[in-house]
Amino acid sequence: VATVDATGNITGVGPGTATISYFIAGTGSCPDALATLDVTVNPTPQITVTYTDTICDGSTTDIVVTGNPTYVWDATITNIDGSAYQVSGNETDINQVVNLTDSLLVGTITMSITPTANNCRGASQLVQITIRPIPVITDMPVRNTNVCTGDNVYVNISGDPNGTTYQWVAVLNGVTVVSGGTSGTTTGPIDITVATTSPTATGTIYFELTPVNGICTGAPVVTQTITVNPIPGTPIPSPDVTICSGESPNITLSV
């Protein structure tokens, strides 16, 4: 039920149009008068916001606002490149590419989104997004690029930021892995034992490494190529022979 207080404030009117009637008391010989007033009440706009709360450096935000087509927003940013990121706007520019100022540190966006319609403003919705660095491999020295069958191949790996892990795959050519596997995930060095597949030919091995930190994956890199040499075999004489005194035995050795 709509009511009007002594100062003219109207309450109890929902969205739509209401007609307010009120009396004006006459004075002296003037009669009372009845007046009416049509009041249009616009609904308060409301929105629902969905988004991914953690993204990687260089990604685009995916904020989706439903319930009201128009809104305004403003954002507070930390460790975000402000020269490329707009910190306020409307429904036309809310999603942007986000680049970290320091590529090794986490960045944040705290955004307030407020629906607007017919000069009315609804309740603001809060959005909080974390931007994680893209991990990189900074060094991957190979202990020895020339080894023998039965030796260990050792690759030390380091990268940024802290907490980065490394997915690795061994690429083999004429080499087999005796122990340690041909792929995996590590936080430290790769250490495997190798052998040539042929007793008379060398082989090679190198590793493809991919840094991973949380949901973010960096660019893959490859190590130096390592040569694996066969171990010389035991001499094997030809079959026993019988000869006469003074003759050559013509013994042939093979390995």
# chains A, B, ... in the order shown; residues from 1 in each chain; ligands from 1

call {"tool": "residues_around", "arguments": {"residues": "range 51-66 of chain A", "least_positions_apart": "4", "cutoff": "9 Å", "atoms": "only C-alpha atoms", "output": "count of residues only"}}
result
26

call {"tool": "select_by_dssp", "arguments": {"residues": "range 60-254 of chain A", "states": "strand (DSSP E)", "output": "PyMOL selection string"}}
result
chain A and resi 64-66+71-78+88-90+107-117+120-121+125-132+136-139+146-148+152-155+158-160+165-173+175-179+183-186+190-196+203-213+216-217+221-222+226-229

call {"tool": "residues_around", "arguments": {"residues": "Ala195 in chain A", "least_positions_apart": "3", "cutoff": "12 Å", "atoms": "only C-alpha atoms", "output": "PyMOL selection string"}}
result
chain A and resi 147-153+172-179+192+198-205+226-231

call {"tool": "write_last_selection", "arguments": {"atoms": "N, CA and C atoms", "output": "compact mmCIF listing (two decimals), in the first residue's frame"}}
result
# COMPACT_ATOMS: atom_id res chain seq x y z
N VAL A 147 78.63 -40.06 -23.42
CA VAL A 147 78.64 -41.10 -22.39
C VAL A 147 78.73 -42.48 -23.03
N CYS A 148 78.88 -43.49 -22.18
CA CYS A 148 78.97 -44.87 -22.66
C CYS A 148 77.73 -45.66 -22.21
N THR A 149 77.51 -46.78 -22.88
CA THR A 149 76.45 -47.69 -22.45
C THR A 149 76.61 -48.03 -20.97
N GLY A 150 75.52 -47.92 -20.23
CA GLY A 150 75.55 -48.18 -18.81
C GLY A 150 75.79 -46.95 -17.96
N ASP A 151 76.13 -45.83 -18.59
CA ASP A 151 76.34 -44.59 -17.83
C ASP A 151 75.00 -43.90 -17.55
N ASN A 152 75.03 -42.95 -16.63
CA ASN A 152 73.87 -42.12 -16.34
C ASN A 152 73.91 -40.84 -17.15
N VAL A 153 72.75 -40.46 -17.64
CA VAL A 153 72.57 -39.16 -18.26
C VAL A 153 71.93 -38.25 -17.22
N LEU A 172 64.78 -40.48 -28.26
CA LEU A 172 65.83 -41.49 -28.40
C LEU A 172 66.10 -41.82 -29.87
N ASN A 173 67.39 -42.00 -30.19
CA ASN A 173 67.79 -42.45 -31.52
C ASN A 173 68.92 -43.46 -31.36
N GLY A 174 68.56 -44.73 -31.47
CA GLY A 174 69.56 -45.77 -31.28
C GLY A 174 69.95 -45.95 -29.82
N VAL A 175 69.07 -45.53 -28.92
CA VAL A 175 69.35 -45.59 -27.48
C VAL A 175 68.13 -46.17 -26.78
N THR A 176 68.39 -46.94 -25.73
CA THR A 176 67.32 -47.42 -24.87
C THR A 176 67.60 -46.96 -23.45
N VAL A 177 66.53 -46.77 -22.66
CA VAL A 177 66.68 -46.36 -21.27
C VAL A 177 66.67 -47.61 -20.40
N VAL A 178 67.76 -47.83 -19.68
CA VAL A 178 67.88 -49.00 -18.83
C VAL A 178 67.11 -48.80 -17.53
N SER A 179 67.18 -47.61 -16.95
CA SER A 179 66.42 -47.30 -15.73
C SER A 179 66.15 -45.81 -15.68
N ILE A 192 68.90 -40.63 -15.58
CA ILE A 192 68.52 -41.94 -16.10
C ILE A 192 69.75 -42.68 -16.60
N SER A 198 72.45 -50.94 -30.36
CA SER A 198 73.35 -51.77 -31.17
C SER A 198 74.71 -51.83 -30.48
N PRO A 199 75.35 -53.01 -30.44
CA PRO A 199 76.68 -53.11 -29.81
C PRO A 199 77.79 -52.50 -30.66
N THR A 200 77.47 -52.07 -31.88
CA THR A 200 78.52 -51.56 -32.77
C THR A 200 78.26 -50.14 -33.26
N ALA A 201 77.19 -49.48 -32.80
CA ALA A 201 76.86 -48.14 -33.31
C ALA A 201 76.50 -47.21 -32.15
N THR A 202 76.87 -45.97 -32.31
CA THR A 202 76.50 -44.96 -31.30
C THR A 202 75.03 -44.57 -31.48
N GLY A 203 74.48 -43.97 -30.43
CA GLY A 203 73.13 -43.44 -30.48
C GLY A 203 73.09 -42.06 -29.85
N THR A 204 71.94 -41.41 -29.87
CA THR A 204 71.80 -40.08 -29.28
C THR A 204 70.51 -40.00 -28.46
N ILE A 205 70.52 -39.06 -27.53
CA ILE A 205 69.35 -38.79 -26.72
C ILE A 205 69.32 -37.30 -26.38
N ILE A 226 72.94 -35.64 -26.46
CA ILE A 226 73.95 -36.45 -25.78
C ILE A 226 74.24 -37.67 -26.64
N THR A 227 75.52 -37.93 -26.89
CA THR A 227 75.93 -39.11 -27.65
C THR A 227 76.19 -40.27 -26.69
N VAL A 228 75.62 -41.43 -27.03
CA VAL A 228 75.82 -42.64 -26.23
C VAL A 228 76.63 -43.62 -27.05
N ASN A 229 77.77 -44.06 -26.48
CA ASN A 229 78.70 -44.93 -27.20
C ASN A 229 78.58 -46.38 -26.71
N PRO A 230 78.72 -47.36 -27.61
CA PRO A 230 78.70 -48.77 -27.16
C PRO A 230 80.00 -49.12 -26.45
N ILE A 231 79.93 -50.12 -25.58
CA ILE A 231 81.12 -50.65 -24.92
C ILE A 231 81.78 -51.66 -25.84

call {"tool": "closest_residue", "arguments": {"among": "A:Ser112, A:Asn250, A:Gln224, A:Thr48", "to": "Met140 in chain A", "atoms": "only C-alpha atoms"}}
result
A:Gln224

call {"tool": "decode", "arguments": {"residues": "range 183-255 of chain A", "atoms": "C-alpha atoms", "output": "short mmCIF file (atom, residue, chain, number, x, y, z; two decimals), in the first residue's frame"}}
result
data_model
loop_
_atom_site.label_atom_id
_atom_site.label_comp_id
_atom_site.auth_asym_id
_atom_site.auth_seq_id
_atom_site.Cartn_x
_atom_site.Cartn_y
_atom_site.Cartn_z
CA SER A 183 59.16 -39.35 -19.53
CA GLY A 184 57.91 -37.81 -16.32
CA THR A 185 57.47 -34.73 -14.17
CA THR A 186 60.19 -33.43 -11.90
CA THR A 187 61.06 -30.51 -9.66
CA GLY A 188 64.79 -31.16 -9.97
CA PRO A 189 67.25 -32.99 -12.21
CA ILE A 190 66.65 -35.81 -14.68
CA ASP A 191 68.90 -38.80 -13.96
CA ILE A 192 68.52 -41.94 -16.10
CA THR A 193 70.72 -44.86 -17.21
CA VAL A 194 71.10 -45.47 -20.94
CA ALA A 195 72.55 -47.96 -23.41
CA THR A 196 72.89 -48.20 -27.16
CA THR A 197 70.49 -50.49 -28.98
CA SER A 198 73.35 -51.77 -31.17
CA PRO A 199 76.68 -53.11 -29.81
CA THR A 200 78.52 -51.56 -32.77
CA ALA A 201 76.86 -48.14 -33.31
CA THR A 202 76.50 -44.96 -31.30
CA GLY A 203 73.13 -43.44 -30.48
CA THR A 204 71.80 -40.08 -29.28
CA ILE A 205 69.35 -38.79 -26.72
CA TYR A 206 67.95 -35.36 -25.86
CA PHE A 207 65.05 -34.10 -23.75
CA GLU A 208 62.02 -31.92 -24.44
CA LEU A 209 61.19 -29.93 -21.29
CA THR A 210 57.99 -28.00 -20.51
CA PRO A 211 57.69 -25.78 -17.40
CA VAL A 212 54.38 -25.86 -15.49
CA ASN A 213 53.31 -23.66 -12.58
CA GLY A 214 49.75 -24.08 -11.32
CA ILE A 215 47.39 -23.72 -14.29
CA CYS A 216 50.02 -22.01 -16.43
CA THR A 217 52.31 -23.74 -18.91
CA GLY A 218 55.42 -22.22 -20.43
CA ALA A 219 57.09 -22.72 -23.79
CA PRO A 220 58.79 -26.11 -24.32
CA VAL A 221 62.57 -26.19 -24.82
CA VAL A 222 65.08 -28.90 -25.77
CA THR A 223 68.41 -29.80 -24.17
CA GLN A 224 71.74 -30.43 -25.81
CA THR A 225 72.05 -33.74 -27.65
CA ILE A 226 73.95 -36.45 -25.78
CA THR A 227 75.93 -39.11 -27.65
CA VAL A 228 75.82 -42.64 -26.23
CA ASN A 229 78.70 -44.93 -27.20
CA PRO A 230 78.70 -48.77 -27.16
CA ILE A 231 81.12 -50.65 -24.92
CA PRO A 232 83.77 -52.56 -26.92
CA GLY A 233 82.98 -56.29 -26.86
CA THR A 234 85.15 -59.31 -25.81
CA PRO A 235 87.42 -60.66 -28.60
CA ILE A 236 86.01 -63.87 -30.07
CA PRO A 237 88.53 -66.11 -31.90
CA SER A 238 87.72 -68.12 -34.96
CA PRO A 239 87.05 -71.89 -34.51
CA ASP A 240 89.91 -74.18 -33.49
CA VAL A 241 92.19 -75.18 -36.36
CA THR A 242 94.80 -77.87 -36.91
CA ILE A 243 97.94 -76.93 -38.88
CA CYS A 244 101.35 -78.37 -39.64
CA SER A 245 104.61 -77.10 -38.26
CA GLY A 246 105.68 -73.94 -40.02
CA GLU A 247 102.23 -73.03 -41.32
CA SER A 248 100.27 -69.85 -40.34
CA PRO A 249 97.16 -70.44 -38.25
CA ASN A 250 95.30 -67.54 -39.98
CA ILE A 251 93.32 -66.77 -36.81
CA THR A 252 90.62 -64.10 -37.28
CA LEU A 253 89.40 -62.14 -34.24
CA SER A 254 86.05 -60.36 -34.03
CA VAL A 255 84.35 -58.34 -31.29
#
